[in-house]
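What follows is the content of final30.pdb, which has PDB, C-alpha atoms and all ligand atoms:
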ATOM      1  CA  MET Q   1      -5.326  42.724 -40.643  1.00  0.00           C
ATOM      2  CA  THR Q   2      -5.243  40.296 -43.573  1.00  0.00           C
ATOM      3  CA  PRO Q   3      -7.414  40.943 -46.667  1.00  0.00           C
ATOM      4  CA  LYS Q   4      -9.573  37.984 -45.593  1.00  0.00           C
ATOM      5  CA  GLU Q   5     -10.103  39.456 -42.118  1.00  0.00           C
ATOM      6  CA  GLN Q   6     -10.877  42.830 -43.644  1.00  0.00           C
ATOM      7  CA  ASP Q   7     -13.468  41.286 -45.977  1.00  0.00           C
ATOM      8  CA  ALA Q   8     -15.038  39.521 -42.987  1.00  0.00           C
ATOM      9  CA  GLU Q   9     -15.367  42.898 -41.238  1.00  0.00           C
ATOM     10  CA  LYS Q  10     -16.783  44.528 -44.383  1.00  0.00           C
ATOM     11  CA  LYS Q  11     -19.365  41.749 -44.613  1.00  0.00           C
ATOM     12  CA  ALA Q  12     -20.241  42.012 -40.913  1.00  0.00           C
ATOM     13  CA  CYS Q  13     -20.887  45.770 -40.918  1.00  0.00           C
ATOM     14  CA  ALA Q  14     -22.766  45.524 -44.224  1.00  0.00           C
ATOM     15  CA  GLU Q  15     -25.016  42.774 -42.877  1.00  0.00           C
ATOM     16  CA  ALA Q  16     -25.695  44.782 -39.709  1.00  0.00           C
ATOM     17  CA  ALA Q  17     -26.704  47.778 -41.822  1.00  0.00           C
ATOM     18  CA  ALA Q  18     -28.959  45.654 -44.046  1.00  0.00           C
ATOM     19  CA  LEU Q  19     -31.044  44.843 -40.953  1.00  0.00           C
ATOM     20  CA  LEU Q  20     -31.884  48.561 -40.581  1.00  0.00           C
ATOM     21  CA  VAL Q  21     -33.664  48.620 -43.949  1.00  0.00           C
ATOM     22  CA  GLU Q  22     -37.455  48.510 -43.733  1.00  0.00           C
ATOM     23  CA  ASP Q  23     -40.114  47.423 -46.184  1.00  0.00           C
ATOM     24  CA  GLY Q  24     -41.267  50.177 -48.551  1.00  0.00           C
ATOM     25  CA  MET Q  25     -38.185  52.361 -48.118  1.00  0.00           C
ATOM     26  CA  LEU Q  26     -36.671  54.690 -50.695  1.00  0.00           C
ATOM     27  CA  LEU Q  27     -33.050  53.662 -50.277  1.00  0.00           C
ATOM     28  CA  GLY Q  28     -29.748  55.150 -51.448  1.00  0.00           C
ATOM     29  CA  LEU Q  29     -27.032  52.617 -52.258  1.00  0.00           C
ATOM     30  CA  GLY Q  30     -23.368  53.629 -51.973  1.00  0.00           C
ATOM     31  CA  THR Q  31     -20.382  52.425 -53.948  1.00  0.00           C
ATOM     32  CA  GLY Q  32     -17.370  50.270 -53.160  1.00  0.00           C
ATOM     33  CA  SER Q  33     -16.210  46.920 -51.862  1.00  0.00           C
ATOM     34  CA  THR Q  34     -18.086  47.221 -48.539  1.00  0.00           C
ATOM     35  CA  VAL Q  35     -21.282  48.047 -50.398  1.00  0.00           C
ATOM     36  CA  ALA Q  36     -20.626  44.943 -52.528  1.00  0.00           C
ATOM     37  CA  PHE Q  37     -21.399  42.949 -49.340  1.00  0.00           C
ATOM     38  CA  LEU Q  38     -24.397  45.141 -48.545  1.00  0.00           C
ATOM     39  CA  LEU Q  39     -26.291  44.586 -51.794  1.00  0.00           C
ATOM     40  CA  PRO Q  40     -26.795  40.799 -51.463  1.00  0.00           C
ATOM     41  CA  ALA Q  41     -27.591  41.203 -47.755  1.00  0.00           C
ATOM     42  CA  ILE Q  42     -30.384  43.647 -48.650  1.00  0.00           C
ATOM     43  CA  ALA Q  43     -31.599  41.561 -51.592  1.00  0.00           C
ATOM     44  CA  ARG Q  44     -31.846  38.464 -49.379  1.00  0.00           C
ATOM     45  CA  ARG Q  45     -34.339  40.238 -47.131  1.00  0.00           C
ATOM     46  CA  GLY Q  46     -36.921  40.244 -49.949  1.00  0.00           C
ATOM     47  CA  LEU Q  47     -38.316  43.682 -49.020  1.00  0.00           C
ATOM     48  CA  ARG Q  48     -40.226  45.969 -51.382  1.00  0.00           C
ATOM     49  CA  LEU Q  49     -37.667  48.732 -51.938  1.00  0.00           C
ATOM     50  CA  THR Q  50     -37.075  51.517 -54.408  1.00  0.00           C
ATOM     51  CA  CYS Q  51     -33.338  52.119 -54.682  1.00  0.00           C
ATOM     52  CA  VAL Q  52     -31.179  54.922 -56.040  1.00  0.00           C
ATOM     53  CA  ALA Q  53     -27.590  54.015 -56.913  1.00  0.00           C
ATOM     54  CA  THR Q  54     -24.567  56.273 -56.482  1.00  0.00           C
ATOM     55  CA  SER Q  55     -22.713  54.764 -59.448  1.00  0.00           C
ATOM     56  CA  PRO Q  56     -23.397  52.746 -62.587  1.00  0.00           C
ATOM     57  CA  ARG Q  57     -21.538  49.763 -61.094  1.00  0.00           C
ATOM     58  CA  THR Q  58     -23.742  49.749 -58.004  1.00  0.00           C
ATOM     59  CA  ALA Q  59     -26.852  50.090 -60.206  1.00  0.00           C
ATOM     60  CA  GLU Q  60     -25.782  47.099 -62.312  1.00  0.00           C
ATOM     61  CA  ALA Q  61     -24.984  44.939 -59.297  1.00  0.00           C
ATOM     62  CA  ALA Q  62     -28.227  45.838 -57.513  1.00  0.00           C
ATOM     63  CA  ILE Q  63     -30.368  45.145 -60.578  1.00  0.00           C
ATOM     64  CA  ALA Q  64     -28.602  41.798 -61.087  1.00  0.00           C
ATOM     65  CA  LEU Q  65     -29.646  40.891 -57.525  1.00  0.00           C
ATOM     66  CA  GLY Q  66     -33.279  41.720 -58.297  1.00  0.00           C
ATOM     67  CA  LEU Q  67     -33.435  45.119 -56.557  1.00  0.00           C
ATOM     68  CA  THR Q  68     -35.471  47.909 -58.150  1.00  0.00           C
ATOM     69  CA  VAL Q  69     -33.202  50.809 -59.087  1.00  0.00           C
ATOM     70  CA  VAL Q  70     -34.630  54.087 -60.394  1.00  0.00           C
ATOM     71  CA  GLU Q  71     -33.111  57.320 -61.700  1.00  0.00           C
ATOM     72  CA  PHE Q  72     -32.553  60.025 -59.120  1.00  0.00           C
ATOM     73  CA  ASP Q  73     -34.140  62.930 -60.936  1.00  0.00           C
ATOM     74  CA  THR Q  74     -37.714  63.073 -59.663  1.00  0.00           C
ATOM     75  CA  ILE Q  75     -37.279  61.987 -56.031  1.00  0.00           C
ATOM     76  CA  ALA Q  76     -36.842  64.722 -53.431  1.00  0.00           C
ATOM     77  CA  ARG Q  77     -36.075  62.668 -50.320  1.00  0.00           C
ATOM     78  CA  LEU Q  78     -34.788  59.206 -49.466  1.00  0.00           C
ATOM     79  CA  ASP Q  79     -35.571  57.356 -46.252  1.00  0.00           C
ATOM     80  CA  MET Q  80     -32.063  56.027 -45.833  1.00  0.00           C
ATOM     81  CA  ALA Q  81     -28.707  55.792 -47.584  1.00  0.00           C
ATOM     82  CA  ILE Q  82     -25.968  53.304 -46.726  1.00  0.00           C
ATOM     83  CA  ASP Q  83     -22.372  53.665 -47.904  1.00  0.00           C
ATOM     84  CA  GLY Q  84     -18.768  52.912 -47.043  1.00  0.00           C
ATOM     85  CA  ALA Q  85     -15.983  55.395 -46.280  1.00  0.00           C
ATOM     86  CA  ASP Q  86     -12.224  55.629 -46.707  1.00  0.00           C
ATOM     87  CA  GLN Q  87     -11.642  57.290 -43.325  1.00  0.00           C
ATOM     88  CA  VAL Q  88     -13.896  57.865 -40.316  1.00  0.00           C
ATOM     89  CA  ALA Q  89     -12.682  60.370 -37.713  1.00  0.00           C
ATOM     90  CA  PRO Q  90     -13.729  60.277 -34.021  1.00  0.00           C
ATOM     91  CA  ASP Q  91     -16.181  63.165 -34.592  1.00  0.00           C
ATOM     92  CA  ASN Q  92     -17.640  61.377 -37.683  1.00  0.00           C
ATOM     93  CA  TRP Q  93     -16.029  63.572 -40.309  1.00  0.00           C
ATOM     94  CA  LEU Q  94     -15.510  61.254 -43.277  1.00  0.00           C
ATOM     95  CA  ILE Q  95     -13.273  61.046 -46.285  1.00  0.00           C
ATOM     96  CA  LYS Q  96     -14.994  59.333 -49.200  1.00  0.00           C
ATOM     97  CA  GLY Q  97     -14.353  59.033 -52.910  1.00  0.00           C
ATOM     98  CA  GLY Q  98     -11.676  56.360 -53.063  1.00  0.00           C
ATOM     99  CA  GLY Q  99     -13.900  54.858 -55.743  1.00  0.00           C
ATOM    100  CA  ALA Q 100     -14.364  58.269 -57.408  1.00  0.00           C
ATOM    101  CA  ALA Q 101     -18.119  58.226 -56.785  1.00  0.00           C
ATOM    102  CA  HIS Q 102     -18.159  60.975 -54.131  1.00  0.00           C
ATOM    103  CA  THR Q 103     -20.191  63.525 -56.106  1.00  0.00           C
ATOM    104  CA  ARG Q 104     -23.192  61.266 -56.571  1.00  0.00           C
ATOM    105  CA  GLU Q 105     -22.664  59.785 -53.114  1.00  0.00           C
ATOM    106  CA  LYS Q 106     -22.828  63.228 -51.505  1.00  0.00           C
ATOM    107  CA  ILE Q 107     -25.968  64.157 -53.465  1.00  0.00           C
ATOM    108  CA  VAL Q 108     -27.718  60.908 -52.545  1.00  0.00           C
ATOM    109  CA  GLU Q 109     -26.597  60.937 -48.909  1.00  0.00           C
ATOM    110  CA  ALA Q 110     -27.543  64.591 -48.413  1.00  0.00           C
ATOM    111  CA  ALA Q 111     -31.066  63.696 -49.560  1.00  0.00           C
ATOM    112  CA  ALA Q 112     -31.460  60.848 -47.078  1.00  0.00           C
ATOM    113  CA  ASP Q 113     -33.285  61.221 -43.780  1.00  0.00           C
ATOM    114  CA  ARG Q 114     -30.744  58.799 -42.360  1.00  0.00           C
ATOM    115  CA  PHE Q 115     -27.199  58.217 -43.671  1.00  0.00           C
ATOM    116  CA  VAL Q 116     -25.621  55.025 -42.333  1.00  0.00           C
ATOM    117  CA  VAL Q 117     -21.857  54.587 -42.798  1.00  0.00           C
ATOM    118  CA  ILE Q 118     -20.426  51.074 -42.859  1.00  0.00           C
ATOM    119  CA  ALA Q 119     -16.732  50.625 -42.127  1.00  0.00           C
ATOM    120  CA  ASP Q 120     -14.226  47.904 -41.322  1.00  0.00           C
ATOM    121  CA  SER Q 121     -11.865  48.819 -38.486  1.00  0.00           C
ATOM    122  CA  SER Q 122      -9.063  49.903 -40.847  1.00  0.00           C
ATOM    123  CA  LYS Q 123     -11.171  52.943 -41.803  1.00  0.00           C
ATOM    124  CA  VAL Q 124     -11.244  54.306 -38.258  1.00  0.00           C
ATOM    125  CA  VAL Q 125      -8.610  57.025 -37.822  1.00  0.00           C
ATOM    126  CA  THR Q 126      -7.664  59.403 -35.024  1.00  0.00           C
ATOM    127  CA  ARG Q 127      -7.541  62.299 -37.516  1.00  0.00           C
ATOM    128  CA  LEU Q 128      -8.239  62.593 -41.229  1.00  0.00           C
ATOM    129  CA  VAL Q 129      -5.201  62.621 -43.488  1.00  0.00           C
ATOM    130  CA  ALA Q 130      -4.803  63.586 -47.140  1.00  0.00           C
ATOM    131  CA  PRO Q 131      -5.589  62.835 -49.883  1.00  0.00           C
ATOM    132  CA  VAL Q 132      -9.109  64.174 -50.272  1.00  0.00           C
ATOM    133  CA  PRO Q 133     -10.759  63.079 -53.534  1.00  0.00           C
ATOM    134  CA  VAL Q 134     -12.082  65.883 -55.726  1.00  0.00           C
ATOM    135  CA  GLU Q 135     -14.125  66.077 -58.908  1.00  0.00           C
ATOM    136  CA  LEU Q 136     -13.272  69.009 -61.185  1.00  0.00           C
ATOM    137  CA  VAL Q 137     -15.056  70.669 -64.097  1.00  0.00           C
ATOM    138  CA  ALA Q 138     -13.232  69.913 -67.385  1.00  0.00           C
ATOM    139  CA  PHE Q 139     -13.738  73.495 -68.572  1.00  0.00           C
ATOM    140  CA  GLY Q 140     -10.860  75.626 -67.296  1.00  0.00           C
ATOM    141  CA  LEU Q 141      -9.075  72.598 -65.843  1.00  0.00           C
ATOM    142  CA  GLU Q 142      -5.553  74.048 -66.096  1.00  0.00           C
ATOM    143  CA  ALA Q 143      -6.677  77.241 -64.370  1.00  0.00           C
ATOM    144  CA  THR Q 144      -8.306  75.220 -61.588  1.00  0.00           C
ATOM    145  CA  LEU Q 145      -5.142  73.151 -61.129  1.00  0.00           C
ATOM    146  CA  ALA Q 146      -3.062  76.344 -61.037  1.00  0.00           C
ATOM    147  CA  ARG Q 147      -5.194  77.639 -58.148  1.00  0.00           C
ATOM    148  CA  LEU Q 148      -5.283  74.256 -56.396  1.00  0.00           C
ATOM    149  CA  SER Q 149      -1.608  73.369 -56.660  1.00  0.00           C
ATOM    150  CA  ASP Q 150      -2.061  70.574 -54.081  1.00  0.00           C
ATOM    151  CA  VAL Q 151      -4.394  68.637 -56.426  1.00  0.00           C
ATOM    152  CA  ARG Q 152      -3.084  65.801 -58.574  1.00  0.00           C
ATOM    153  CA  LEU Q 153      -5.241  64.176 -61.246  1.00  0.00           C
ATOM    154  CA  ARG Q 154      -6.057  60.507 -60.828  1.00  0.00           C
ATOM    155  CA  ASP Q 155      -5.610  58.132 -63.765  1.00  0.00           C
ATOM    156  CA  VAL Q 156      -9.246  57.024 -63.876  1.00  0.00           C
ATOM    157  CA  PRO Q 157     -12.115  57.557 -66.333  1.00  0.00           C
ATOM    158  CA  ILE Q 158     -14.209  60.728 -66.107  1.00  0.00           C
ATOM    159  CA  SER Q 159     -17.182  60.555 -63.776  1.00  0.00           C
ATOM    160  CA  PRO Q 160     -20.681  59.692 -65.063  1.00  0.00           C
ATOM    161  CA  ASP Q 161     -21.321  63.444 -64.936  1.00  0.00           C
ATOM    162  CA  GLY Q 162     -18.265  64.290 -67.056  1.00  0.00           C
ATOM    163  CA  GLY Q 163     -16.072  65.442 -64.176  1.00  0.00           C
ATOM    164  CA  ILE Q 164     -12.309  64.987 -63.873  1.00  0.00           C
ATOM    165  CA  ILE Q 165     -11.211  63.011 -60.806  1.00  0.00           C
ATOM    166  CA  GLY Q 166      -8.231  64.079 -58.704  1.00  0.00           C
ATOM    167  CA  ASP Q 167      -7.007  64.190 -55.124  1.00  0.00           C
ATOM    168  CA  SER Q 168      -5.992  67.082 -52.895  1.00  0.00           C
ATOM    169  CA  PHE Q 169      -2.788  66.345 -50.995  1.00  0.00           C
ATOM    170  CA  ALA Q 170      -2.891  69.435 -48.778  1.00  0.00           C
ATOM    171  CA  ASP Q 171      -2.558  68.757 -45.037  1.00  0.00           C
ATOM    172  CA  ILE Q 172      -5.893  68.620 -43.244  1.00  0.00           C
ATOM    173  CA  GLU Q 173      -5.480  70.648 -40.065  1.00  0.00           C
ATOM    174  CA  ASP Q 174      -9.196  71.344 -39.761  1.00  0.00           C
ATOM    175  CA  PRO Q 175     -11.541  69.410 -42.099  1.00  0.00           C
ATOM    176  CA  TYR Q 176     -14.043  72.269 -41.987  1.00  0.00           C
ATOM    177  CA  VAL Q 177     -11.410  74.688 -43.360  1.00  0.00           C
ATOM    178  CA  THR Q 178     -10.211  72.227 -46.038  1.00  0.00           C
ATOM    179  CA  ALA Q 179     -13.807  71.505 -47.073  1.00  0.00           C
ATOM    180  CA  ALA Q 180     -14.610  75.218 -47.317  1.00  0.00           C
ATOM    181  CA  ARG Q 181     -11.450  75.937 -49.356  1.00  0.00           C
ATOM    182  CA  LEU Q 182     -12.293  73.203 -51.870  1.00  0.00           C
ATOM    183  CA  SER Q 183     -16.006  74.084 -51.999  1.00  0.00           C
ATOM    184  CA  ASP Q 184     -15.174  77.747 -52.624  1.00  0.00           C
ATOM    185  CA  ASP Q 185     -13.158  77.037 -55.778  1.00  0.00           C
ATOM    186  CA  PRO Q 186     -15.312  77.527 -58.893  1.00  0.00           C
ATOM    187  CA  GLY Q 187     -13.647  74.603 -60.687  1.00  0.00           C
ATOM    188  CA  VAL Q 188     -14.483  72.057 -57.993  1.00  0.00           C
ATOM    189  CA  VAL Q 189     -17.699  70.080 -58.491  1.00  0.00           C
ATOM    190  CA  SER Q 190     -17.380  68.292 -55.171  1.00  0.00           C
ATOM    191  CA  HIS Q 191     -14.881  66.910 -52.694  1.00  0.00           C
ATOM    192  CA  GLY Q 192     -14.734  63.819 -50.514  1.00  0.00           C
ATOM    193  CA  LEU Q 193     -14.978  65.498 -47.102  1.00  0.00           C
ATOM    194  CA  PHE Q 194     -18.370  64.630 -45.626  1.00  0.00           C
ATOM    195  CA  PRO Q 195     -19.289  66.555 -42.439  1.00  0.00           C
ATOM    196  CA  PRO Q 196     -20.659  64.901 -39.274  1.00  0.00           C
ATOM    197  CA  SER Q 197     -23.939  66.758 -39.835  1.00  0.00           C
ATOM    198  CA  MET Q 198     -24.614  64.437 -42.791  1.00  0.00           C
ATOM    199  CA  VAL Q 199     -23.919  61.258 -40.826  1.00  0.00           C
ATOM    200  CA  SER Q 200     -26.651  59.600 -38.744  1.00  0.00           C
ATOM    201  CA  THR Q 201     -25.015  56.328 -37.745  1.00  0.00           C
ATOM    202  CA  VAL Q 202     -21.601  54.711 -38.181  1.00  0.00           C
ATOM    203  CA  ILE Q 203     -21.437  50.922 -38.005  1.00  0.00           C
ATOM    204  CA  ILE Q 204     -17.886  49.683 -37.458  1.00  0.00           C
ATOM    205  CA  ALA Q 205     -16.884  46.018 -37.562  1.00  0.00           C
ATOM    206  CA  ARG Q 206     -13.902  45.109 -35.372  1.00  0.00           C
ATOM    207  CA  GLY Q 207     -13.150  41.415 -35.522  1.00  0.00           C
ATOM    208  CA  LYS Q 208     -16.364  39.734 -34.444  1.00  0.00           C
ATOM    209  CA  ASP Q 209     -17.693  42.861 -32.725  1.00  0.00           C
ATOM    210  CA  ILE Q 210     -19.983  45.481 -34.185  1.00  0.00           C
ATOM    211  CA  GLU Q 211     -19.792  49.017 -32.789  1.00  0.00           C
ATOM    212  CA  THR Q 212     -22.442  51.580 -33.583  1.00  0.00           C
ATOM    213  CA  ARG Q 213     -22.024  55.292 -32.979  1.00  0.00           C
TER     214      ARG Q 213
HETATM  215  C1  LIG L   1     -16.464  55.388 -53.283  1.00  0.00           C
HETATM  216  C2  LIG L   1     -16.410  55.550 -51.809  1.00  0.00           C
HETATM  217  C3  LIG L   1     -16.339  54.314 -50.984  1.00  0.00           C
HETATM  218  O1  LIG L   1     -17.424  54.299 -50.113  1.00  0.00           O
HETATM  219  C4  LIG L   1     -15.057  54.335 -50.212  1.00  0.00           C
HETATM  220  O2  LIG L   1     -13.989  54.482 -51.118  1.00  0.00           O
HETATM  221  C5  LIG L   1     -14.881  53.026 -49.414  1.00  0.00           C
HETATM  222  O3  LIG L   1     -14.716  51.979 -50.328  1.00  0.00           O
HETATM  223  P1  LIG L   1     -14.513  50.475 -49.870  1.00  0.00           P
HETATM  224  O4  LIG L   1     -15.791  50.043 -49.234  1.00  0.00           O
HETATM  225  O5  LIG L   1     -14.189  49.752 -51.144  1.00  0.00           O
HETATM  226  O6  LIG L   1     -13.358  50.450 -48.905  1.00  0.00           O
HETATM  227  O7  LIG L   1     -16.406  56.622 -51.268  1.00  0.00           O
HETATM  228  O8  LIG L   1     -16.381  56.619 -53.930  1.00  0.00           O
END
Show how you would write the structure in this file as structure tokens.
Amino acid sequence: MTPKEQDAEKKACAEAAALLVEDGMLLGLGTGSTVAFLLPAIARRGLRLTCVATSPRTAEAAIALGLTVVEFDTIARLDMAIDGADQVAPDNWLIKGGGAAHTREKIVEAAADRFVVIADSSKVVTRLVAPVPVELVAFGLEATLARLSDVRLRDVPISPDGGIIGDSFADIEDPYVTAARLSDDPGVVSHGLFPPSMVSTVIIARGKDIETR
């Protein structure tokens, strides 16, 4: 698939997801290049929405398009969240965090009654493969890296919450086991494995076709 074809698929799945948004919703906005197509598609609908952004760059872009973006500190539930993914497995396990926003994404998406994933066809995989993005606490970093010898730090800025971004390169035989291993480490803030239980709908664009599952 050429970059142009991939962008066309990103736009198509984003526009399909934008049609699911209803007037008055509390809406979580993901992060990434697929979401970059989602934001104008939502803004064009002219609905009254209150949005929560999963990253400063999404907040800036949404506000520039005229969407209302609020802090996510006094809201307990969202009606819907829409976000991209790096990999989508057949059972809807996801890998996210290619854009290093997975901690806030997971918090926002876990709070949503409905989490809609938007993906071009290159994101659909038969099984998840490493790397899995992680966010680590700066305190005790060397000790955390000594325990998690499969983690390599990524050369990106710290997260908005002060976390250090890295990736786990351990083989993923069972995503549940990998997720539990990473979650159990005291130095890990969050990881990019999102379980199927979080996912309500996956919208996949394949050429001109849209598949929903
Ligand atoms: C950011 C993410 C993104 O949703 C994921 O990386 C997909 O990005 P893109 O839409 O640019 O392919 O998890 O942390």
Run the PyMOL selection byres (((chain Q and resi 177-189) around 10) and not hetatm) against the file shown and list the residues it catches, as a ChimeraX atom specification. /Q:103,132,134-145,147-148,161,163-165,168,170-176,190-195
Put the listed atoms of ligand LIG 1 (chain L) in a box along x, y and z with 6 Å added on every side and give me the centre and edge lengths in Å to one decimal, as lines of an AutoDock Vina configuration file.
center_x = -15.4
center_y = 53.2
center_z = -51.4
size_x = 16.1
size_y = 18.9
size_z = 17.0
With only C-alpha atoms as the counted atoms, please give the residues lying no more than 8 Å from Ile204 of chain Q, apart from itself and same-chain residues fewer than 3 positions off, as a PDB file with C-alpha atoms, in the coordinates of the input.
ATOM      1  CA  CYS Q  13     -20.887  45.770 -40.918  1.00  0.00           C
ATOM      2  CA  ILE Q 118     -20.426  51.074 -42.859  1.00  0.00           C
ATOM      3  CA  ALA Q 119     -16.732  50.625 -42.127  1.00  0.00           C
ATOM      4  CA  ASP Q 120     -14.226  47.904 -41.322  1.00  0.00           C
ATOM      5  CA  SER Q 121     -11.865  48.819 -38.486  1.00  0.00           C
ATOM      6  CA  ILE Q 210     -19.983  45.481 -34.185  1.00  0.00           C
ATOM      7  CA  GLU Q 211     -19.792  49.017 -32.789  1.00  0.00           C
ATOM      8  CA  THR Q 212     -22.442  51.580 -33.583  1.00  0.00           C
TER       9      THR Q 212
END
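Taking atom CA of Phe72 of chain Q and atom CA of Ala12 of chain Q as the two end points, the separation is 28.4 Å.
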With all atoms listed in the file as the atoms that count, which of Q:Asp167, Q:Ala53, Q:Met80, Q:Val70 lies nearest to Ile95 of chain Q?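 Among Q:Asp167, Q:Ala53, Q:Met80, Q:Val70, it is Q:Asp167 that comes nearest to Ile95 of chain Q.
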Please identify every residue of chain Q that has at least one atom no farther than 9 Å from an atom of ligand LIG 1 (chain L), counting only C-alpha atoms and all ligand atoms, and for each give the shortest atom pair and the distance in Å to one decimal, arranged by chain then increasing number, as a Markdown table.
| residue | atom | partner | partner_atom | distance |
| --- | --- | --- | --- | --- |
| Q:Lys10 | CA | L:LIG1 | O4 | 7.4 |
| Q:Gly30 | CA | L:LIG1 | O1 | 6.3 |
| Q:Thr31 | CA | L:LIG1 | C1 | 5.0 |
| Q:Gly32 | CA | L:LIG1 | O5 | 3.8 |
| Q:Ser33 | CA | L:LIG1 | O5 | 3.6 |
| Q:Thr34 | CA | L:LIG1 | O4 | 3.7 |
| Q:Val35 | CA | L:LIG1 | O4 | 6.0 |
| Q:Ala36 | CA | L:LIG1 | O4 | 7.8 |
| Q:Thr54 | CA | L:LIG1 | O8 | 8.6 |
| Q:Ser55 | CA | L:LIG1 | O8 | 8.6 |
| Q:Asp83 | CA | L:LIG1 | O1 | 5.5 |
| Q:Gly84 | CA | L:LIG1 | O1 | 3.6 |
| Q:Ala85 | CA | L:LIG1 | C5 | 4.1 |
| Q:Asp86 | CA | L:LIG1 | C5 | 4.6 |
| Q:Gln87 | CA | L:LIG1 | C5 | 8.1 |
| Q:Ile95 | CA | L:LIG1 | O7 | 7.4 |
| Q:Lys96 | CA | L:LIG1 | O7 | 3.7 |
| Q:Gly97 | CA | L:LIG1 | O8 | 3.3 |
| Q:Gly98 | CA | L:LIG1 | O2 | 3.6 |
| Q:Gly99 | CA | L:LIG1 | O8 | 3.5 |
| Q:Ala100 | CA | L:LIG1 | O8 | 4.3 |
| Q:Ala101 | CA | L:LIG1 | O8 | 3.7 |
| Q:His102 | CA | L:LIG1 | O8 | 4.7 |
| Q:Thr103 | CA | L:LIG1 | O8 | 8.2 |
| Q:Arg104 | CA | L:LIG1 | O8 | 8.7 |
| Q:Glu105 | CA | L:LIG1 | O8 | 7.1 |
| Q:Val117 | CA | L:LIG1 | O1 | 8.6 |
| Q:Ile118 | CA | L:LIG1 | O4 | 7.9 |
| Q:Ala119 | CA | L:LIG1 | O4 | 7.2 |
| Q:Asp120 | CA | L:LIG1 | O6 | 8.0 |
| Q:Lys123 | CA | L:LIG1 | O6 | 7.8 |
| Q:Pro133 | CA | L:LIG1 | O8 | 8.6 |
| Q:Gly192 | CA | L:LIG1 | O7 | 7.4 |
